[in-house]
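A.B. asks: Hey, dropping upload36.tsv in here, TSV, C-alpha atoms:
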chain	number	residue	atom	x	y	z
A	156	MET	CA	0.00	0.00	0.00
A	157	ASN	CA	1.25	3.46	-0.84
A	158	TYR	CA	0.88	5.38	2.41
A	159	LEU	CA	1.41	8.79	0.83
A	160	TRP	CA	-1.74	8.40	-1.31
A	161	THR	CA	-3.64	6.98	1.66
A	162	ILE	CA	-2.68	9.98	3.80
A	163	LEU	CA	-3.67	12.31	0.96
A	164	ALA	CA	-7.08	10.61	0.66
A	165	PHE	CA	-7.60	10.87	4.43
A	166	SER	CA	-6.61	14.54	4.38
A	167	ILE	CA	-9.05	15.27	1.57
A	168	GLY	CA	-11.74	13.51	3.58
A	169	CYS	CA	-11.03	15.86	6.48
A	170	PHE	CA	-11.88	18.83	4.25
A	171	ILE	CA	-15.03	17.42	2.58
A	172	PRO	CA	-17.36	18.39	5.46
A	173	PHE	CA	-16.36	22.01	5.01
A	174	GLN	CA	-17.66	22.04	1.43
A	175	GLY	CA	-21.18	21.21	2.56
A	176	ILE	CA	-21.06	23.42	5.63
A	177	ILE	CA	-19.64	26.42	3.75
A	178	THR	CA	-22.17	26.06	0.92
A	179	SER	CA	-25.01	25.72	3.43
A	180	ASN	CA	-23.90	28.92	5.17
A	181	LEU	CA	-23.42	30.62	1.79
A	182	SER	CA	-27.00	29.68	0.92
A	183	GLN	CA	-28.22	31.56	4.00
A	184	LYS	CA	-26.18	34.64	3.07
A	185	ILE	CA	-27.25	34.63	-0.60
A	186	GLN	CA	-30.76	33.56	0.45
A	187	HIS	CA	-31.08	30.95	-2.25
A	188	PRO	CA	-29.58	27.45	-2.50
A	189	PHE	CA	-29.17	27.58	-6.29
A	190	GLY	CA	-27.18	30.81	-6.05
A	191	ALA	CA	-24.97	29.25	-3.40
A	192	ALA	CA	-24.39	26.18	-5.56
A	193	PHE	CA	-23.52	28.41	-8.52
A	194	VAL	CA	-20.98	30.38	-6.47
A	195	ASN	CA	-19.55	27.08	-5.16
A	196	PHE	CA	-18.98	25.64	-8.63
A	197	PHE	CA	-17.85	28.97	-10.08
A	198	GLY	CA	-15.06	29.05	-7.48
A	199	GLY	CA	-14.06	25.52	-8.47
A	200	MET	CA	-14.08	26.46	-12.14
A	201	LEU	CA	-11.79	29.43	-11.45
A	202	LEU	CA	-9.38	27.15	-9.59
A	203	PHE	CA	-9.19	24.72	-12.51
A	204	LEU	CA	-8.84	27.54	-15.06
A	205	PHE	CA	-5.88	28.79	-13.03
A	206	ALA	CA	-4.39	25.29	-12.81
A	207	ILE	CA	-4.71	24.84	-16.58
A	208	SER	CA	-3.21	28.27	-17.27
A	209	VAL	CA	-0.07	27.59	-15.19
A	210	SER	CA	0.43	24.04	-16.47
A	211	SER	CA	1.31	22.61	-19.83
A	212	VAL	CA	-2.10	20.97	-20.14
A	213	ALA	CA	-4.09	21.95	-23.21
A	214	LEU	CA	-7.86	21.87	-23.32
A	215	PRO	CA	-9.19	19.07	-25.52
A	216	SER	CA	-10.59	19.91	-28.92
A	217	ILE	CA	-14.34	19.92	-29.48
A	218	LYS	CA	-13.86	17.00	-31.86
A	219	LYS	CA	-12.20	14.95	-29.10
A	220	VAL	CA	-14.84	15.95	-26.54
A	221	MET	CA	-17.59	14.77	-28.91
A	222	THR	CA	-16.11	11.23	-28.89
A	223	ILE	CA	-16.30	10.86	-25.10
A	224	PRO	CA	-19.09	8.57	-23.81
A	225	TRP	CA	-21.98	10.58	-22.32
A	226	TYR	CA	-21.73	9.02	-18.86
A	227	LEU	CA	-18.23	10.42	-18.37
A	228	PHE	CA	-19.78	13.90	-18.24
A	229	THR	CA	-21.86	13.03	-15.16
A	230	GLY	CA	-19.13	13.69	-12.57
A	231	GLY	CA	-20.20	17.31	-12.24
A	232	VAL	CA	-23.81	16.19	-11.81
A	233	VAL	CA	-22.77	13.88	-8.96
A	234	GLY	CA	-20.93	16.79	-7.31
A	235	SER	CA	-24.04	18.95	-7.76
A	236	VAL	CA	-26.24	16.31	-6.12
A	237	PHE	CA	-23.87	16.29	-3.15
A	238	ILE	CA	-24.04	20.09	-2.87
A	239	PHE	CA	-27.84	20.14	-3.13
A	240	GLY	CA	-28.04	17.44	-0.48
A	241	ALA	CA	-25.78	19.44	1.78
A	242	LEU	CA	-27.79	22.61	1.18
A	243	PHE	CA	-31.08	21.03	2.18
A	244	ALA	CA	-30.32	18.09	4.51
A	245	LEU	CA	-27.24	19.20	6.44
A	246	PRO	CA	-28.93	22.11	8.26
A	247	LYS	CA	-31.86	19.85	9.20
A	248	ILE	CA	-30.02	16.75	10.44
A	249	GLY	CA	-26.60	18.15	11.39
A	250	ALA	CA	-23.13	17.59	10.01
A	251	SER	CA	-22.40	14.33	11.87
A	252	THR	CA	-25.57	12.61	10.74
A	253	PHE	CA	-25.32	13.96	7.20
A	254	PHE	CA	-21.71	12.91	6.71
A	255	GLY	CA	-22.19	9.63	8.57
A	256	GLN	CA	-24.84	8.72	6.01
A	257	ILE	CA	-22.71	10.06	3.14
A	258	VAL	CA	-19.75	7.90	4.20
A	259	LEU	CA	-22.00	4.87	4.70
A	260	GLY	CA	-23.53	5.28	1.24
A	261	GLN	CA	-20.09	5.77	-0.30
A	262	LEU	CA	-18.67	2.69	1.36
A	263	LEU	CA	-21.57	0.46	0.39
A	264	MET	CA	-21.50	1.64	-3.22
A	265	THR	CA	-17.72	1.40	-3.49
A	266	LEU	CA	-17.84	-2.19	-2.25
A	267	ILE	CA	-20.04	-2.98	-5.24
A	268	VAL	CA	-17.88	-0.89	-7.59
A	269	ASP	CA	-14.72	-2.69	-6.39
A	270	HIS	CA	-16.34	-6.13	-6.47
A	271	TYR	CA	-17.39	-5.81	-10.11
A	272	GLY	CA	-14.59	-3.51	-11.34
A	273	VAL	CA	-17.07	-0.87	-12.54
A	274	PHE	CA	-15.69	1.61	-15.14
A	275	GLY	CA	-12.61	-0.56	-15.60
A	276	LEU	CA	-11.31	-0.32	-12.04
A	277	PRO	CA	-9.29	-3.25	-10.69
A	278	ILE	CA	-11.50	-5.91	-9.09
A	279	HIS	CA	-11.36	-6.24	-5.30
A	280	LYS	CA	-13.82	-8.93	-4.27
A	281	ILE	CA	-16.06	-8.50	-1.25
A	282	ASP	CA	-14.71	-10.71	1.53
A	283	SER	CA	-15.45	-11.32	5.20
A	284	ILE	CA	-13.08	-8.58	6.41
A	285	ARG	CA	-14.78	-6.00	4.20
A	286	ILE	CA	-18.20	-7.17	5.38
A	287	ILE	CA	-17.08	-6.76	9.01
A	288	GLY	CA	-15.85	-3.24	8.17
A	289	VAL	CA	-19.19	-2.35	6.62
A	290	ALA	CA	-21.06	-3.80	9.61
A	291	LEU	CA	-18.98	-1.63	11.93
A	292	LEU	CA	-19.64	1.44	9.82
A	293	ILE	CA	-23.37	0.72	9.75
A	294	SER	CA	-23.25	0.39	13.55
A	295	GLY	CA	-21.42	3.71	13.78
A	296	ALA	CA	-23.89	5.45	11.45
A	297	PHE	CA	-26.77	4.07	13.54
A	298	LEU	CA	-25.18	5.36	16.76
A	299	ILE	CA	-24.72	8.82	15.22
A	300	LEU	CA	-28.45	8.85	14.36
A	301	LYS	CA	-29.48	8.03	17.95
A	302	LYS	CA	-29.96	11.04	20.20
Rewrite the coordinates I just gave you, this time as C-alpha cells.
C.D. replies:
Amino acid sequence: MNYLWTILAFSIGCFIPFQGIITSNLSQKIQHPFGAAFVNFFGGMLLFLFAISVSSVALPSIKKVMTIPWYLFTGGVVGSVFIFGALFALPKIGASTFFGQIVLGQLLMTLIVDHYGVFGLPIHKIDSIRIIGVALLISGAFLILKK
C-alpha cells in the first residue's frame, strides 16, 4: 500500500465536510440554495482555469470531446447532487448525521464498484473482512443517528 496516497485521501476527507457546511452557510447569506451552488462551482471552475493556465495541459478539442461517452460527463452532476443534499439536509439533520450517512452510502456503493470492477477499475472482491468493516460502519452510522 502506498501510504502517501492513503494519507492524501484521508486529508481530503477531512476537508469534505467544510464544502457542505460552507455552501449551506453561503445559501443563507445569498438567500437561495441555487445561487450558493452556482458560487460554489464557479469558485471551483476558477481554480481549474488557473491550474490549466499555469500548467502545460491543453484543453481538448471539441472533436475529441464529442467522442467521449456521455456518462463520463456526469461527474459534475454527482458533485451537484452532493451540494444540493448538503444545502437542504445538512442544516436539518446536522453535520455528523449527514456525513455519517454520506460515508456509509459511499462505502456500500464502493464495495459494489470494487467487487465488479465498474468503469474498468481493478477488481477487489467482497470478503469477510470488508463485510465486518461495513457492519462496523453501519453500527457507527446508527449510533450517530441516535440522540
A.B. asks: Leaving out Ile299 of chain A and any residue of its chain fewer than 5 positions from it, which residues lie within 10 Å of it when counting all atoms listed in the file, given as a VMD selection string?
C.D. replies: chain A and resid 251 to 256 293 to 294
A.B. asks: Counting only C-alpha atoms, which residue out of A:Leu259, A:Gln186, A:Val289, A:Phe274 sits closest to Leu227 of chain A?
C.D. replies: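 Closest to Leu227 of chain A of all the choices is A:Phe274.
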A.B. asks: Enumerate, as a PyMOL selection string, the protein, DNA and RNA residues whose atoms approach (-13.3, -6.2, -2.7) to within 7 Å, taking into account all atoms listed in the file and the coordinate frame of the file.
C.D. replies: chain A and resi 266+269-270+278-282
A.B. asks: Keeping C-alpha atoms, export the residues of the selection given above as a compact mmCIF listing (two decimals), keeping the file's coordinate frame.
C.D. replies:
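The new file out.txt reads:
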# COMPACT_ATOMS: atom_id res chain seq x y z
CA LEU A 266 -17.84 -2.19 -2.25
CA ASP A 269 -14.72 -2.69 -6.39
CA HIS A 270 -16.34 -6.13 -6.47
CA ILE A 278 -11.50 -5.91 -9.09
CA HIS A 279 -11.36 -6.24 -5.30
CA LYS A 280 -13.82 -8.93 -4.27
CA ILE A 281 -16.06 -8.50 -1.25
CA ASP A 282 -14.71 -10.71 1.53
A.B. asks: For atom CA of Thr178 of chain A and atom CA of Ala241 of chain A, determine how far apart the two atoms are, in Å to one decimal place.
C.D. replies: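 Pair atom CA of Thr178 of chain A / atom CA of Ala241 of chain A returns 7.6 Å.
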A.B. asks: When you draw a straight line from atom CA of Phe237 of chain A to atom CA of Phe170 of chain A, how long is it in Å?
C.D. replies: 14.3 Å
A.B. asks: With all atoms listed in the file as the atoms that count, which of A:Val273, A:Val194, A:Leu204, A:Leu300 lies nearest to Ile177 of chain A?
C.D. replies: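 That would be A:Val194, the residue with the smallest distance to Ile177 of chain A.
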A.B. asks: Between atom CA of Ile223 of chain A and atom CA of Met200 of chain A, what is the spacing in Å?
C.D. replies: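 Atom CA of Ile223 of chain A lies 20.4 Å from atom CA of Met200 of chain A.
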A.B. asks: Which of these, A:Val209, A:Ile287, A:Ile217, A:Ile171, has the shortest distance to Val258 of chain A once you count only C-alpha atoms?
C.D. replies: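 Of the candidates, the smallest distance to Val258 of chain A is held by A:Ile171.
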A.B. asks: Pick the closest to Gly168 of chain A from A:Ile257, A:Pro224, A:Phe197, A:Leu292: which is it, counting all atoms listed in the file?
C.D. replies: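 For Gly168 of chain A, the nearest of the given residues is A:Ile257.
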A.B. asks: Nearest to Leu242 of chain A among A:Gly295, A:Asn157, A:Ile176, A:Ile167, with distances taken over only C-alpha atoms: which residue is it?
C.D. replies: A:Ile176
A.B. asks: Closest to Ile238 of chain A among A:Ala191, A:Cys169, A:Ala250, A:Ile162, using all atoms listed in the file?
C.D. replies: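 Nearest to Ile238 of chain A: A:Ala191.
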A.B. asks: Draw an axis-aligned box tight on the listed atoms of segment 201-209 of chain A, then pad every side by 8 Å and write out centre and edge lengths in Å to one decimal as lines of an AutoDock Vina configuration file.
C.D. replies:
center_x = -5.9
center_y = 27.1
center_z = -13.4
size_x = 27.7
size_y = 20.7
size_z = 23.7
A.B. asks: Kindly output segment 248-260 of chain A as a PDB file, in the frame of the given file, after building N, CA and C atoms.
C.D. replies:
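The resulting out_21.pdb:
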ATOM      1  N   ILE A 248     -30.399  17.931   9.660  1.00  0.00           N
ATOM      2  CA  ILE A 248     -30.020  16.750  10.440  1.00  0.00           C
ATOM      3  C   ILE A 248     -28.652  16.880  11.093  1.00  0.00           C
ATOM      4  N   GLY A 249     -27.913  17.932  10.781  1.00  0.00           N
ATOM      5  CA  GLY A 249     -26.600  18.150  11.390  1.00  0.00           C
ATOM      6  C   GLY A 249     -25.483  17.517  10.567  1.00  0.00           C
ATOM      7  N   ALA A 250     -24.286  18.034  10.784  1.00  0.00           N
ATOM      8  CA  ALA A 250     -23.130  17.590  10.010  1.00  0.00           C
ATOM      9  C   ALA A 250     -22.769  16.134  10.289  1.00  0.00           C
ATOM     10  N   SER A 251     -22.795  15.718  11.544  1.00  0.00           N
ATOM     11  CA  SER A 251     -22.400  14.330  11.870  1.00  0.00           C
ATOM     12  C   SER A 251     -23.328  13.319  11.226  1.00  0.00           C
ATOM     13  N   THR A 252     -24.614  13.538  11.337  1.00  0.00           N
ATOM     14  CA  THR A 252     -25.570  12.610  10.740  1.00  0.00           C
ATOM     15  C   THR A 252     -25.464  12.642   9.218  1.00  0.00           C
ATOM     16  N   PHE A 253     -25.409  13.833   8.653  1.00  0.00           N
ATOM     17  CA  PHE A 253     -25.320  13.960   7.200  1.00  0.00           C
ATOM     18  C   PHE A 253     -24.094  13.221   6.675  1.00  0.00           C
ATOM     19  N   PHE A 254     -22.930  13.516   7.230  1.00  0.00           N
ATOM     20  CA  PHE A 254     -21.710  12.910   6.710  1.00  0.00           C
ATOM     21  C   PHE A 254     -21.585  11.440   7.110  1.00  0.00           C
ATOM     22  N   GLY A 255     -22.156  11.057   8.235  1.00  0.00           N
ATOM     23  CA  GLY A 255     -22.190   9.630   8.570  1.00  0.00           C
ATOM     24  C   GLY A 255     -22.937   8.840   7.503  1.00  0.00           C
ATOM     25  N   GLN A 256     -24.059   9.383   7.055  1.00  0.00           N
ATOM     26  CA  GLN A 256     -24.840   8.720   6.010  1.00  0.00           C
ATOM     27  C   GLN A 256     -24.136   8.792   4.650  1.00  0.00           C
ATOM     28  N   ILE A 257     -23.478   9.920   4.381  1.00  0.00           N
ATOM     29  CA  ILE A 257     -22.710  10.060   3.140  1.00  0.00           C
ATOM     30  C   ILE A 257     -21.616   8.993   3.087  1.00  0.00           C
ATOM     31  N   VAL A 258     -20.852   8.876   4.166  1.00  0.00           N
ATOM     32  CA  VAL A 258     -19.750   7.900   4.200  1.00  0.00           C
ATOM     33  C   VAL A 258     -20.301   6.481   4.097  1.00  0.00           C
ATOM     34  N   LEU A 259     -21.392   6.207   4.773  1.00  0.00           N
ATOM     35  CA  LEU A 259     -22.000   4.870   4.700  1.00  0.00           C
ATOM     36  C   LEU A 259     -22.428   4.555   3.267  1.00  0.00           C
ATOM     37  N   GLY A 260     -23.107   5.495   2.623  1.00  0.00           N
ATOM     38  CA  GLY A 260     -23.530   5.280   1.240  1.00  0.00           C
ATOM     39  C   GLY A 260     -22.335   5.101   0.317  1.00  0.00           C
TER      40      GLY A 260
END
